[in-house]
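**Student:** Take a look at coords_26.txt, compact mmCIF, C-alpha atoms (C1' of nucleotides):
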# COMPACT_ATOMS: atom_id res chain seq x y z
CA MET A 1 20.68 -10.77 -48.18
CA PRO A 2 22.39 -9.67 -51.30
CA LYS A 3 22.42 -12.40 -53.86
CA LEU A 4 25.01 -11.69 -56.49
CA GLY A 5 24.31 -11.25 -60.17
CA MET A 6 21.33 -9.03 -59.55
CA GLU A 7 22.24 -6.44 -62.12
CA PRO A 8 20.67 -7.97 -65.23
CA ILE A 9 17.57 -8.98 -63.32
CA ARG A 10 17.11 -5.55 -61.82
CA LYS A 11 17.75 -3.85 -65.11
CA GLU A 12 15.22 -5.97 -66.93
CA ALA A 13 12.63 -5.34 -64.25
CA LEU A 14 13.27 -1.63 -64.50
CA VAL A 15 12.99 -1.63 -68.27
CA LYS A 16 9.66 -3.42 -68.16
CA ALA A 17 8.41 -1.20 -65.38
CA THR A 18 9.43 1.87 -67.38
CA ILE A 19 7.45 0.75 -70.40
CA PHE A 20 4.50 -0.16 -68.26
CA GLU A 21 4.41 3.11 -66.39
CA ILE A 22 4.86 5.25 -69.48
CA GLY A 23 2.11 3.32 -71.19
CA ARG A 24 -0.13 3.49 -68.16
CA THR A 25 0.14 7.22 -67.59
CA GLY A 26 0.49 8.00 -71.28
CA SER A 27 3.34 10.38 -70.70
CA LEU A 28 7.02 10.71 -69.98
CA ASP A 29 6.20 12.47 -66.74
CA VAL A 30 6.84 9.36 -64.78
CA THR A 31 8.96 9.59 -61.69
CA VAL A 32 11.89 7.32 -61.06
CA SER A 33 10.21 6.41 -57.79
CA GLN A 34 7.10 5.19 -59.61
CA ILE A 35 9.17 3.04 -61.92
CA ALA A 36 11.30 1.70 -59.11
CA LYS A 37 8.29 0.92 -57.00
CA ARG A 38 6.63 -0.92 -59.86
CA ALA A 39 9.85 -2.89 -60.31
CA GLY A 40 9.96 -3.65 -56.61
CA MET A 41 12.94 -1.65 -55.44
CA SER A 42 13.99 1.73 -54.14
CA SER A 43 14.57 4.69 -56.40
CA ALA A 44 18.16 4.83 -55.19
CA LEU A 45 18.75 1.38 -56.59
CA ALA A 46 17.29 2.36 -59.90
CA HIS A 47 19.73 5.23 -60.03
CA HIS A 48 22.48 2.85 -59.05
CA TYR A 49 21.94 0.59 -62.05
CA PHE A 50 20.99 3.21 -64.57
CA GLY A 51 22.84 6.43 -64.17
CA SER A 52 19.88 8.61 -64.98
CA LYS A 53 16.25 8.55 -65.87
CA GLU A 54 17.15 9.23 -69.48
CA ASP A 55 19.27 6.08 -69.54
CA MET A 56 16.24 4.14 -68.36
CA PHE A 57 14.12 5.59 -71.13
CA LEU A 58 16.69 4.72 -73.73
CA ALA A 59 17.06 1.19 -72.44
CA ALA A 60 13.27 0.83 -72.57
CA MET A 61 13.23 2.04 -76.15
CA ARG A 62 15.96 -0.35 -77.13
CA HIS A 63 13.99 -3.14 -75.54
CA ILE A 64 10.84 -2.39 -77.50
CA LEU A 65 12.72 -2.06 -80.76
CA THR A 66 14.66 -5.23 -80.10
CA LEU A 67 11.48 -7.18 -79.49
CA TYR A 68 9.95 -5.80 -82.64
CA GLY A 69 13.04 -6.60 -84.67
CA ALA A 70 13.13 -10.14 -83.37
CA GLU A 71 9.49 -10.66 -84.21
CA VAL A 72 9.96 -9.40 -87.74
CA ARG A 73 12.98 -11.63 -88.28
CA GLY A 74 11.08 -14.61 -86.96
CA ALA A 75 8.10 -13.94 -89.16
CA LEU A 76 10.29 -13.47 -92.20
CA ALA A 77 12.09 -16.72 -91.62
CA ALA A 78 8.79 -18.56 -91.50
CA ALA A 79 7.24 -16.78 -94.46
CA GLU A 80 6.75 -18.47 -97.80
CA GLY A 81 6.58 -16.79 -101.14
CA ASP A 82 7.25 -13.19 -102.11
CA GLU A 83 3.94 -11.79 -101.04
CA GLY A 84 4.13 -13.91 -97.90
CA ARG A 85 7.21 -11.98 -96.81
CA VAL A 86 5.49 -8.62 -97.02
CA LYS A 87 2.49 -9.93 -95.17
CA ALA A 88 4.76 -11.37 -92.51
CA ILE A 89 6.23 -7.94 -91.79
CA LEU A 90 2.78 -6.44 -91.57
CA ARG A 91 1.53 -9.14 -89.24
CA ALA A 92 4.56 -8.84 -86.99
CA SER A 93 4.00 -5.09 -86.78
CA PHE A 94 0.51 -5.56 -85.49
CA SER A 95 1.03 -8.70 -83.47
CA PRO A 96 -0.50 -8.75 -80.00
CA GLY A 97 2.95 -8.47 -78.45
CA ASN A 98 3.78 -5.14 -80.09
CA PHE A 99 0.33 -3.76 -80.69
CA ARG A 100 -0.85 -3.55 -77.12
CA ARG A 101 -1.89 -0.48 -75.25
CA GLU A 102 1.13 0.10 -73.07
CA ALA A 103 3.60 -0.65 -75.83
CA VAL A 104 1.85 1.65 -78.28
CA GLY A 105 1.54 4.37 -75.64
CA ALA A 106 5.20 4.04 -74.77
CA TRP A 107 6.18 4.02 -78.41
CA LEU A 108 4.38 7.30 -79.05
CA ASN A 109 6.16 8.85 -76.11
CA PHE A 110 9.50 7.65 -77.39
CA TRP A 111 8.74 9.42 -80.60
CA VAL A 112 8.36 12.59 -78.60
CA LEU A 113 11.58 11.88 -76.79
CA ALA A 114 13.31 11.60 -80.14
CA GLN A 115 12.57 15.25 -80.74
CA SER A 116 14.83 16.37 -77.96
CA VAL A 117 17.19 13.48 -77.23
CA PRO A 118 19.57 12.70 -80.10
CA GLN A 119 20.22 9.19 -78.89
CA ALA A 120 16.51 8.44 -78.98
CA ARG A 121 16.29 9.92 -82.43
CA ARG A 122 19.06 7.64 -83.60
CA LEU A 123 17.26 4.60 -82.27
CA LEU A 124 14.07 5.50 -84.07
CA ALA A 125 15.98 6.24 -87.24
CA ILE A 126 17.40 2.74 -87.06
CA TYR A 127 13.92 1.32 -86.67
CA GLN A 128 12.67 3.26 -89.65
CA GLY A 129 15.66 2.26 -91.74
CA ARG A 130 15.26 -1.41 -91.00
CA LEU A 131 11.54 -1.34 -91.60
CA LYS A 132 12.03 0.36 -94.91
CA SER A 133 14.78 -1.95 -96.10
CA ASN A 134 12.84 -5.02 -95.01
CA LEU A 135 9.79 -3.82 -96.86
CA THR A 136 11.72 -2.79 -99.92
CA ALA A 137 13.52 -6.11 -100.16
CA ALA A 138 10.27 -8.02 -99.78
CA LEU A 139 8.55 -5.85 -102.35
CA ARG A 140 11.30 -5.93 -104.95
CA PRO A 141 10.21 -9.21 -106.55
CA LEU A 142 6.63 -8.02 -106.61
CA ALA A 143 6.93 -4.42 -107.62
CA GLY A 144 10.40 -3.95 -109.11
CA ASP A 145 11.41 -0.32 -109.30
CA ARG A 146 8.35 0.83 -107.51
CA ALA A 147 9.35 -1.09 -104.38
CA PRO A 148 10.94 1.87 -102.57
CA GLU A 149 7.94 4.10 -103.02
CA ILE A 150 5.50 1.46 -101.93
CA ALA A 151 7.69 0.69 -98.95
CA ALA A 152 7.65 4.35 -97.98
CA SER A 153 3.90 4.61 -98.09
CA LEU A 154 3.36 1.29 -96.34
CA GLY A 155 5.78 2.38 -93.62
CA ALA A 156 3.95 5.64 -93.12
CA MET A 157 0.67 3.80 -92.93
CA ILE A 158 1.96 1.40 -90.30
CA ASP A 159 3.07 4.29 -88.12
CA GLY A 160 -0.20 6.09 -88.74
CA LEU A 161 -2.19 3.07 -87.66
CA TYR A 162 -0.17 2.88 -84.45
CA LEU A 163 -0.86 6.51 -83.86
CA ARG A 164 -4.57 6.05 -84.25
CA GLU A 165 -4.60 3.12 -81.92
CA VAL A 166 -3.57 5.47 -79.14
CA LEU A 167 -6.79 7.42 -79.32
CA LYS A 168 -9.16 4.53 -79.73
CA SER A 169 -11.05 3.24 -76.76
CA GLY A 170 -11.61 -0.46 -76.40
CA PRO A 171 -9.11 -3.25 -76.94
CA PRO A 172 -6.54 -3.05 -79.74
CA ASP A 173 -7.53 -4.66 -82.99
CA GLY A 174 -4.41 -5.75 -84.79
CA ALA A 175 -6.33 -7.76 -87.35
CA ALA A 176 -8.24 -4.71 -88.55
CA ALA A 177 -5.00 -2.79 -88.89
CA VAL A 178 -3.36 -5.58 -90.86
CA SER A 179 -6.27 -5.83 -93.24
CA LEU A 180 -6.24 -2.10 -93.86
CA ALA A 181 -2.55 -2.23 -94.68
CA LEU A 182 -3.06 -5.27 -96.88
CA ARG A 183 -5.78 -3.51 -98.81
CA HIS A 184 -3.35 -0.79 -99.61
CA LEU A 185 -0.72 -3.28 -100.64
CA ASP A 186 -3.11 -5.10 -102.96
CA ALA A 187 -4.18 -1.87 -104.55
CA GLU A 188 -0.60 -0.84 -105.20
CA LEU A 189 0.39 -4.21 -106.57
CA GLN A 190 -2.58 -4.57 -108.83
CA ARG A 191 -1.91 -1.26 -110.43
CA GLY A 192 1.40 -2.43 -111.80
CA ILE A 193 -0.16 -5.10 -113.93
CA MET B 1 -0.27 52.18 -69.07
CA PRO B 2 -3.05 49.67 -69.23
CA LYS B 3 -4.87 49.91 -72.48
CA LEU B 4 -8.20 48.17 -72.25
CA GLY B 5 -9.26 45.22 -74.33
CA MET B 6 -5.97 43.45 -73.83
CA GLU B 7 -7.47 40.07 -73.11
CA PRO B 8 -7.89 38.74 -76.63
CA ILE B 9 -4.53 40.13 -77.70
CA ARG B 10 -2.72 38.59 -74.76
CA LYS B 11 -4.49 35.29 -75.17
CA GLU B 12 -3.61 35.05 -78.81
CA ALA B 13 0.01 35.87 -78.11
CA LEU B 14 0.10 33.18 -75.44
CA VAL B 15 -1.45 30.60 -77.71
CA LYS B 16 1.08 31.28 -80.43
CA ALA B 17 3.94 31.29 -77.95
CA THR B 18 2.73 27.98 -76.54
CA ILE B 19 2.77 26.33 -79.94
CA PHE B 20 6.12 27.83 -80.74
CA GLU B 21 7.75 26.73 -77.52
CA ILE B 22 6.34 23.23 -77.60
CA GLY B 23 7.47 22.88 -81.20
CA ARG B 24 10.86 24.37 -80.43
CA THR B 25 11.68 22.15 -77.48
CA GLY B 26 9.78 19.18 -78.88
CA SER B 27 8.13 18.46 -75.59
CA LEU B 28 5.36 19.44 -73.24
CA ASP B 29 7.96 20.22 -70.60
CA VAL B 30 7.69 23.87 -71.27
CA THR B 31 7.39 26.22 -68.36
CA VAL B 32 4.73 28.87 -68.13
CA SER B 33 7.54 31.36 -67.71
CA GLN B 34 9.09 30.38 -71.02
CA ILE B 35 5.78 30.76 -72.78
CA ALA B 36 5.00 34.04 -71.08
CA LYS B 37 8.43 35.42 -71.84
CA ARG B 38 8.12 34.47 -75.50
CA ALA B 39 4.75 36.21 -75.54
CA GLY B 40 6.25 39.28 -73.91
CA MET B 41 4.66 39.25 -70.49
CA SER B 42 5.07 37.92 -66.97
CA SER B 43 4.11 34.40 -66.02
CA ALA B 44 1.66 35.83 -63.52
CA LEU B 45 -0.23 37.48 -66.33
CA ALA B 46 -0.38 34.24 -68.26
CA HIS B 47 -1.97 32.63 -65.25
CA HIS B 48 -4.31 35.55 -64.98
CA TYR B 49 -5.74 35.05 -68.45
CA PHE B 50 -5.62 31.29 -68.59
CA GLY B 51 -6.36 29.68 -65.27
CA SER B 52 -3.76 26.98 -65.65
CA LYS B 53 -1.08 25.65 -67.90
CA GLU B 54 -3.40 22.93 -69.09
CA ASP B 55 -5.87 25.54 -70.25
CA MET B 56 -3.13 27.11 -72.32
CA PHE B 57 -2.31 23.79 -73.92
CA LEU B 58 -5.94 23.15 -74.77
CA ALA B 59 -6.34 26.60 -76.25
CA ALA B 60 -3.24 26.01 -78.36
CA MET B 61 -4.64 22.72 -79.59
CA ARG B 62 -7.92 24.32 -80.47
CA HIS B 63 -6.05 26.98 -82.37
CA ILE B 64 -4.12 24.49 -84.48
CA LEU B 65 -7.20 22.44 -85.24
CA THR B 66 -9.18 25.54 -86.06
CA LEU B 67 -6.56 26.70 -88.53
CA TYR B 68 -6.46 23.31 -90.13
CA GLY B 69 -10.23 23.15 -90.37
CA ALA B 70 -10.40 26.55 -91.97
CA GLU B 71 -7.79 25.62 -94.51
CA VAL B 72 -9.61 22.45 -95.46
CA ARG B 73 -12.89 24.31 -95.84
CA GLY B 74 -11.23 26.93 -97.99
CA ALA B 75 -9.58 24.37 -100.20
CA LEU B 76 -12.82 22.42 -100.58
CA ALA B 77 -14.71 25.52 -101.60
CA ALA B 78 -12.19 26.23 -104.33
CA ALA B 79 -11.91 22.65 -105.55
CA GLU B 80 -13.39 21.54 -108.83
CA GLY B 81 -14.50 18.05 -109.71
CA ASP B 82 -14.83 14.99 -107.51
CA GLU B 83 -11.19 14.02 -107.49
CA GLY B 84 -10.28 17.66 -107.04
CA ARG B 85 -12.04 17.66 -103.68
CA VAL B 86 -9.98 14.78 -102.36
CA LYS B 87 -6.81 16.35 -103.58
CA ALA B 88 -7.79 19.61 -101.97
CA ILE B 89 -8.02 17.95 -98.56
CA LEU B 90 -4.65 16.34 -99.04
CA ARG B 91 -3.03 19.57 -100.12
CA ALA B 92 -4.50 21.45 -97.18
CA SER B 93 -3.17 18.82 -94.82
CA PHE B 94 0.35 19.32 -96.06
CA SER B 95 0.21 23.02 -96.77
CA PRO B 96 3.15 25.06 -95.55
CA GLY B 97 0.97 26.58 -92.85
CA ASN B 98 0.19 23.28 -91.15
CA PHE B 99 3.13 21.20 -92.22
CA ARG B 100 5.88 23.19 -90.60
CA ARG B 101 8.28 22.05 -87.96
CA GLU B 102 6.83 23.72 -84.90
CA ALA B 103 3.25 22.90 -85.80
CA VAL B 104 4.05 19.27 -86.48
CA GLY B 105 6.11 19.02 -83.32
CA ALA B 106 3.34 20.59 -81.31
CA TRP B 107 0.78 18.35 -82.93
CA LEU B 108 2.66 15.22 -81.92
CA ASN B 109 2.86 16.46 -78.37
CA PHE B 110 -0.85 17.15 -78.32
CA TRP B 111 -1.39 13.56 -79.33
CA VAL B 112 0.54 12.58 -76.24
CA LEU B 113 -1.50 14.98 -74.15
CA ALA B 114 -4.62 13.27 -75.41
CA GLN B 115 -3.54 10.11 -73.67
CA SER B 116 -3.93 11.64 -70.25
CA VAL B 117 -6.20 14.67 -70.66
CA PRO B 118 -9.76 13.75 -71.67
CA GLN B 119 -10.46 17.20 -73.02
CA ALA B 120 -7.48 16.93 -75.34
CA ARG B 121 -8.62 13.52 -76.44
CA ARG B 122 -12.01 14.92 -77.30
CA LEU B 123 -10.46 17.62 -79.45
CA LEU B 124 -8.39 15.14 -81.39
CA ALA B 125 -11.38 12.86 -81.80
CA ILE B 126 -13.22 15.76 -83.37
CA TYR B 127 -10.34 16.34 -85.76
CA GLN B 128 -10.29 12.70 -86.77
CA GLY B 129 -14.02 12.62 -87.21
CA ARG B 130 -14.06 15.66 -89.42
CA LEU B 131 -11.15 14.45 -91.49
CA LYS B 132 -12.81 11.12 -92.00
CA SER B 133 -16.18 12.54 -92.94
CA ASN B 134 -14.62 15.05 -95.31
CA LEU B 135 -12.64 12.34 -97.00
CA THR B 136 -15.54 9.94 -97.15
CA ALA B 137 -17.85 12.52 -98.67
CA ALA B 138 -15.27 13.47 -101.27
CA LEU B 139 -14.58 9.84 -102.10
CA ARG B 140 -18.19 8.74 -102.34
CA PRO B 141 -18.67 9.76 -105.97
CA LEU B 142 -15.39 8.14 -106.89
CA ALA B 143 -15.42 4.94 -104.90
CA GLY B 144 -18.98 4.34 -103.81
CA ASP B 145 -19.23 1.82 -101.00
CA ARG B 146 -15.52 1.56 -100.64
CA ALA B 147 -15.29 5.23 -99.68
CA PRO B 148 -15.20 4.66 -95.90
CA GLU B 149 -12.37 2.17 -96.06
CA ILE B 150 -10.29 4.28 -98.39
CA ALA B 151 -10.93 7.27 -96.16
CA ALA B 152 -9.68 5.32 -93.16
CA SER B 153 -6.46 4.29 -94.82
CA LEU B 154 -5.85 7.73 -96.29
CA GLY B 155 -6.43 9.26 -92.87
CA ALA B 156 -3.96 6.89 -91.26
CA MET B 157 -1.44 7.67 -93.93
CA ILE B 158 -1.78 11.41 -93.43
CA ASP B 159 -1.12 11.03 -89.73
CA GLY B 160 1.75 8.67 -90.42
CA LEU B 161 3.37 11.15 -92.77
CA TYR B 162 3.10 13.83 -90.11
CA LEU B 163 4.74 11.50 -87.65
CA ARG B 164 7.62 10.84 -89.97
CA GLU B 165 8.15 14.49 -90.61
CA VAL B 166 9.07 14.86 -86.96
CA LEU B 167 12.16 12.71 -87.30
CA LYS B 168 13.38 14.03 -90.60
CA SER B 169 16.15 16.55 -90.67
CA GLY B 170 16.05 19.29 -93.23
CA PRO B 171 13.11 21.46 -94.22
CA PRO B 172 9.62 19.96 -94.45
CA ASP B 173 8.60 18.73 -97.86
CA GLY B 174 4.86 18.92 -98.13
CA ALA B 175 4.90 18.25 -101.84
CA ALA B 176 6.56 14.87 -101.39
CA ALA B 177 4.02 13.93 -98.75
CA VAL B 178 1.12 14.95 -100.96
CA SER B 179 2.44 12.95 -103.86
CA LEU B 180 2.87 9.86 -101.70
CA ALA B 181 -0.71 10.15 -100.51
CA LEU B 182 -1.92 10.73 -104.03
CA ARG B 183 -0.14 7.63 -105.26
CA HIS B 184 -2.06 5.67 -102.72
CA LEU B 185 -5.31 7.26 -103.75
CA ASP B 186 -4.72 6.51 -107.42
CA ALA B 187 -3.90 2.92 -106.67
CA GLU B 188 -7.08 2.47 -104.68
CA LEU B 189 -9.25 4.17 -107.26
CA GLN B 190 -7.84 2.31 -110.19
CA ARG B 191 -8.54 -0.96 -108.54
CA GLY B 192 -12.25 -0.34 -108.59
CA ILE B 193 -12.43 -0.13 -112.34
C1' DT C 1 -14.23 62.51 -57.08
C1' DT C 2 -14.71 58.31 -55.24
C1' DT C 3 -15.20 53.63 -56.59
C1' DT C 4 -14.81 49.83 -59.41
C1' DT C 5 -12.98 47.31 -63.05
C1' DT C 6 -9.02 45.90 -65.90
C1' DG C 7 -4.06 45.25 -66.57
C1' DT C 8 0.30 44.11 -64.74
C1' DT C 9 4.26 42.24 -62.11
C1' DG C 10 7.83 40.94 -58.35
C1' DA C 11 7.97 38.15 -54.69
C1' DT C 12 6.57 34.16 -52.35
C1' DT C 13 4.67 29.66 -51.30
C1' DG C 14 4.45 24.90 -51.39
C1' DA C 15 5.12 20.74 -53.60
C1' DC C 16 7.61 17.62 -55.99
C1' DG C 17 11.39 15.09 -57.90
C1' DA C 18 16.26 13.82 -59.79
C1' DG C 19 20.27 12.59 -58.14
C1' DT C 20 23.76 11.90 -54.14
C1' DC C 21 25.46 10.05 -49.81
C1' DA C 22 26.34 7.51 -45.88
C1' DA C 23 25.43 3.44 -43.79
C1' DT C 24 24.40 -1.51 -43.47
C1' DA C 25 24.90 -6.18 -44.91
C1' DA C 26 26.04 -10.19 -47.30
C1' DA C 27 28.86 -12.50 -50.30
C1' DC C 28 33.44 -13.35 -52.51
C1' DT C 29 38.83 -12.98 -52.45
C1' DT C 30 43.32 -13.37 -50.52
C1' DA D 1 40.50 -12.99 -40.71
C1' DA D 2 40.88 -8.95 -43.04
C1' DG D 3 39.70 -6.61 -47.11
C1' DT D 4 37.05 -5.91 -51.23
C1' DT D 5 33.24 -5.95 -54.14
C1' DT D 6 28.13 -6.05 -54.86
C1' DA D 7 23.45 -5.10 -53.21
C1' DT D 8 20.41 -2.10 -50.99
C1' DT D 9 17.97 1.80 -48.87
C1' DG D 10 16.47 5.99 -45.93
C1' DA D 11 17.53 10.47 -45.59
C1' DC D 12 18.97 14.53 -47.62
C1' DT D 13 20.22 18.31 -51.02
C1' DC D 14 19.21 21.31 -54.40
C1' DG D 15 16.75 22.99 -58.02
C1' DT D 16 12.56 23.86 -60.47
C1' DC D 17 8.00 25.30 -61.29
C1' DA D 18 2.80 25.98 -61.04
C1' DA D 19 0.04 28.78 -58.76
C1' DT D 20 -1.09 32.63 -55.54
C1' DC D 21 -0.72 37.17 -53.41
C1' DA D 22 -0.16 41.85 -52.51
C1' DA D 23 0.49 45.94 -54.54
C1' DC D 24 0.49 49.48 -58.02
C1' DA D 25 -1.47 51.95 -62.15
C1' DA D 26 -4.75 53.62 -65.24
C1' DA D 27 -9.15 53.77 -67.30
C1' DA D 28 -14.26 53.72 -66.76
C1' DA D 29 -18.38 54.15 -64.09
C1' DA D 30 -21.08 56.16 -60.43
Represent the structure contained in this file as structure tokens.

**Tutor:**
Amino acid sequence: MPKLGMEPIRKEALVKATIFEIGRTGSLDVTVSQIAKRAGMSSALAHHYFGSKEDMFLAAMRHILTLYGAEVRGALAAAEGDEGRVKAILRASFSPGNFRREAVGAWLNFWVLAQSVPQARRLLAIYQGRLKSNLTAALRPLAGDRAPEIAASLGAMIDGLYLREVLKSGPPDGAAAVSLALRHLDAELQRGI
Amino acid sequence: MPKLGMEPIRKEALVKATIFEIGRTGSLDVTVSQIAKRAGMSSALAHHYFGSKEDMFLAAMRHILTLYGAEVRGALAAAEGDEGRVKAILRASFSPGNFRREAVGAWLNFWVLAQSVPQARRLLAIYQGRLKSNLTAALRPLAGDRAPEIAASLGAMIDGLYLREVLKSGPPDGAAAVSLALRHLDAELQRGI
DNA sequence: TTTTTTGTTGATTGACGAGTCAATAAACTT
DNA sequence: AAGTTTATTGACTCGTCAATCAACAAAAAA
């Protein structure tokens, strides 16, 4: 009963299943069979659509980063005022969509992957670059020359807060993370005056 | 030619080799044979001293955290003045001993391990707890009631800076990391006045 | 000196998992 | 209708690796 045009559907299911399974087990030691099963197909089919397990991982990474990028763009478009733009980026970073257990768990594992897979490293570098340039641009009107430095420290803090979320028990608390980051921002901005 | 009293020597060699190999490959997918070879013995002997691979990983984690703890204590003992104590913690965190490629790479992988191995999670929780209480105590005279919050954000930033170090190419730059963290501290402190 | 404890390894076991293949079937093309 | 492309899977190959075992050697204890 082969319906045609399955490829994109299967691929999307596999990507989501990959993220879910990595997040669930908290590690990259996830078998292709597990992923395929979760996505409702045989492991052979998974290999048919993605050449290798690594390809699946990379597609999953791209998916997460794409979602994040879209959310940031959306938030920026809706933001008003200079400070509003910075806050928008922060809120997007800790929105329920991105800041949920599986996604954060998967994200940490992708970071590990970046240590040994150049392609993964490139993807993360792109994420970091975009985050930094978004932050810097938003901060420029507020902090002038100090924008790049503040962007660097805010970026590090965002990643650090993600990292800490991994160890916490209980549900994720994006609001607390945002307010911690905002505190820092306020402190930095006030100093300039 | 069995000299007696080998156990502690072998164990230490294995722990160091474990950290080195995890840092080198950037992943926990390190075979016991690799570790044993690096430590100059057979894999069977590694299993003889540590029951399992997981035990080796946990011992390696303990070793890293112990070193870090010792360095912080030493720096605190030598520090002068309230602000000096905070700076001492920061400097210890980014000292060449802790802030070097393999150690940082291993540390990130241990964070991943903590997601699936409760014992590893406990160890990291202890690290976070100590870091937070050290920072809070040092900040109390400077920031009063706001000490806990500042400690939380400084802690997140420290971890975030570690995380970023993993992706950077080129040699580690602890000084830059320290100065970024210090900027943040200054901004927070100045606000209170 | 016999026995026990400690150190050490090559060889083996047993499990698991990525990737391939052959086969089957339904749709589309000519 | 014959041929081609797309979808799909069960079975299989081949490699890897954690963990165990059997055996040997030397020191210490009895």

**Student:** Please identify all residues of chain C having at least one atom at most 10 Å from any atom of chain A, considering all atoms listed in the file, and return them as a ChimeraX atom specification.

**Tutor:** /C:16-20,25-28

**Student:** Leaving out DG7 in chain C and any residue of its chain fewer than 3 positions from it, which residues lie within 12 Å of it when counting only C-alpha atoms (C1' of nucleotides), given as a list in words?

**Tutor:** Met1, Pro2, Lys3, Leu4, Gly5, Met6, Glu7, Arg10, Met41, Ser42, Ala44, Leu45, Ala46, His48 and Tyr49 of chain B; DC24, DA25, DA26 and DA27 of chain D

**Student:** For chain B versus chain A, which residues have an atom no more than 10 Å away, and what is each residue's nearest atom pair and distance in Å rounded to one decimal, using all atoms listed in the file, chain-then-number order, as a tab-separated table?

**Tutor:**
residue	atom	partner	partner_atom	distance
B:Gly23	CA	A:Gln115	CA	9.2
B:Arg24	CA	A:Ser116	CA	9.3
B:Thr25	CA	A:Ser116	CA	6.6
B:Gly26	CA	A:Gln115	CA	5.2
B:Ser27	CA	A:Val112	CA	6.6
B:Leu28	CA	A:Val112	CA	9.2
B:Asp29	CA	A:Asp29	CA	8.8
B:Gly105	CA	A:Gln115	CA	7.9
B:Ala106	CA	A:Val112	CA	9.8
B:Leu108	CA	A:Val112	CA	7.1
B:Asn109	CA	A:Val112	CA	6.7
B:Trp111	CA	A:Leu167	CA	8.2
B:Val112	CA	A:Ser27	CA	6.6
B:Leu113	CA	A:Ser27	CA	7.5
B:Ala114	CA	A:Leu167	CA	7.4
B:Gln115	CA	A:Gly26	CA	5.1
B:Ser116	CA	A:Gly26	CA	5.8
B:Val117	CA	A:Gly26	CA	9.5
B:Arg121	CA	A:Leu167	CA	7.0
B:Arg122	CA	A:Leu167	CA	9.4
B:Leu124	CA	A:Leu167	CA	8.2
B:Ala125	CA	A:Leu167	CA	7.5
B:Gln128	CA	A:Arg164	CA	9.1
B:Glu149	CA	A:Leu180	CA	7.8
B:Ile150	CA	A:His184	CA	8.7
B:Ala152	CA	A:Leu180	CA	8.2
B:Ser153	CA	A:Leu180	CA	6.5
B:Leu154	CA	A:Met157	CA	8.3
B:Gly155	CA	A:Gly160	CA	8.1
B:Ala156	CA	A:Gly160	CA	4.6
B:Met157	CA	A:Met157	CA	4.5
B:Ile158	CA	A:Gly160	CA	7.3
B:Asp159	CA	A:Gly160	CA	5.1
B:Gly160	CA	A:Gly160	CA	3.6
B:Leu161	CA	A:Ala156	CA	5.6
B:Tyr162	CA	A:Gly160	CA	8.5
B:Leu163	CA	A:Gly160	CA	7.4
B:Arg164	CA	A:Ala156	CA	7.1
B:Val166	CA	A:Gln115	CA	7.1
B:Leu167	CA	A:Arg121	CA	7.0
B:Lys168	CA	A:Ala125	CA	8.9
B:Ala177	CA	A:Ser153	CA	9.3
B:Leu180	CA	A:Ser153	CA	6.5
B:Ala181	CA	A:Ser153	CA	7.6
B:Arg183	CA	A:Glu188	CA	8.5
B:His184	CA	A:Glu188	CA	7.1
B:Leu185	CA	A:Ala187	CA	9.2
B:Asp186	CA	A:Glu188	CA	8.7
B:Ala187	CA	A:Glu188	CA	5.2
B:Glu188	CA	A:Ala187	CA	5.2
B:Leu189	CA	A:Ala187	CA	8.3
B:Gln190	CA	A:Arg191	CA	6.9
B:Arg191	CA	A:Ala187	CA	6.0
B:Gly192	CA	A:Ala187	CA	9.2

**Student:** Determine which residues of chain D sit within 12 Å of chain A, taking into account all atoms listed in the file, and present them as JSON, numbers by chain.

**Tutor:** {"D": [5, 6, 7, 8, 9, 10, 11]}

**Student:** Mind giving me the straight-line distance from CA of Leu182 in chain B to CA of Phe94 in chain B in Å, one decimal?

**Tutor:**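 Value for the CA of Leu182 in chain B-CA of Phe94 in chain B distance: 11.9 Å.
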
**Student:** If you measure from CA of Leu67 in chain B to CA of Lys16 in chain B, what distance in Å do you get, rounded to one decimal?

**Tutor:**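 So the two atoms, CA of Leu67 in chain B and CA of Lys16 in chain B, lie 12.0 Å apart.
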
**Student:** Mind pulling up the distance from CA of Arg91 in chain B to CA of Ala143 in chain A?

**Tutor:** 27.0 Å
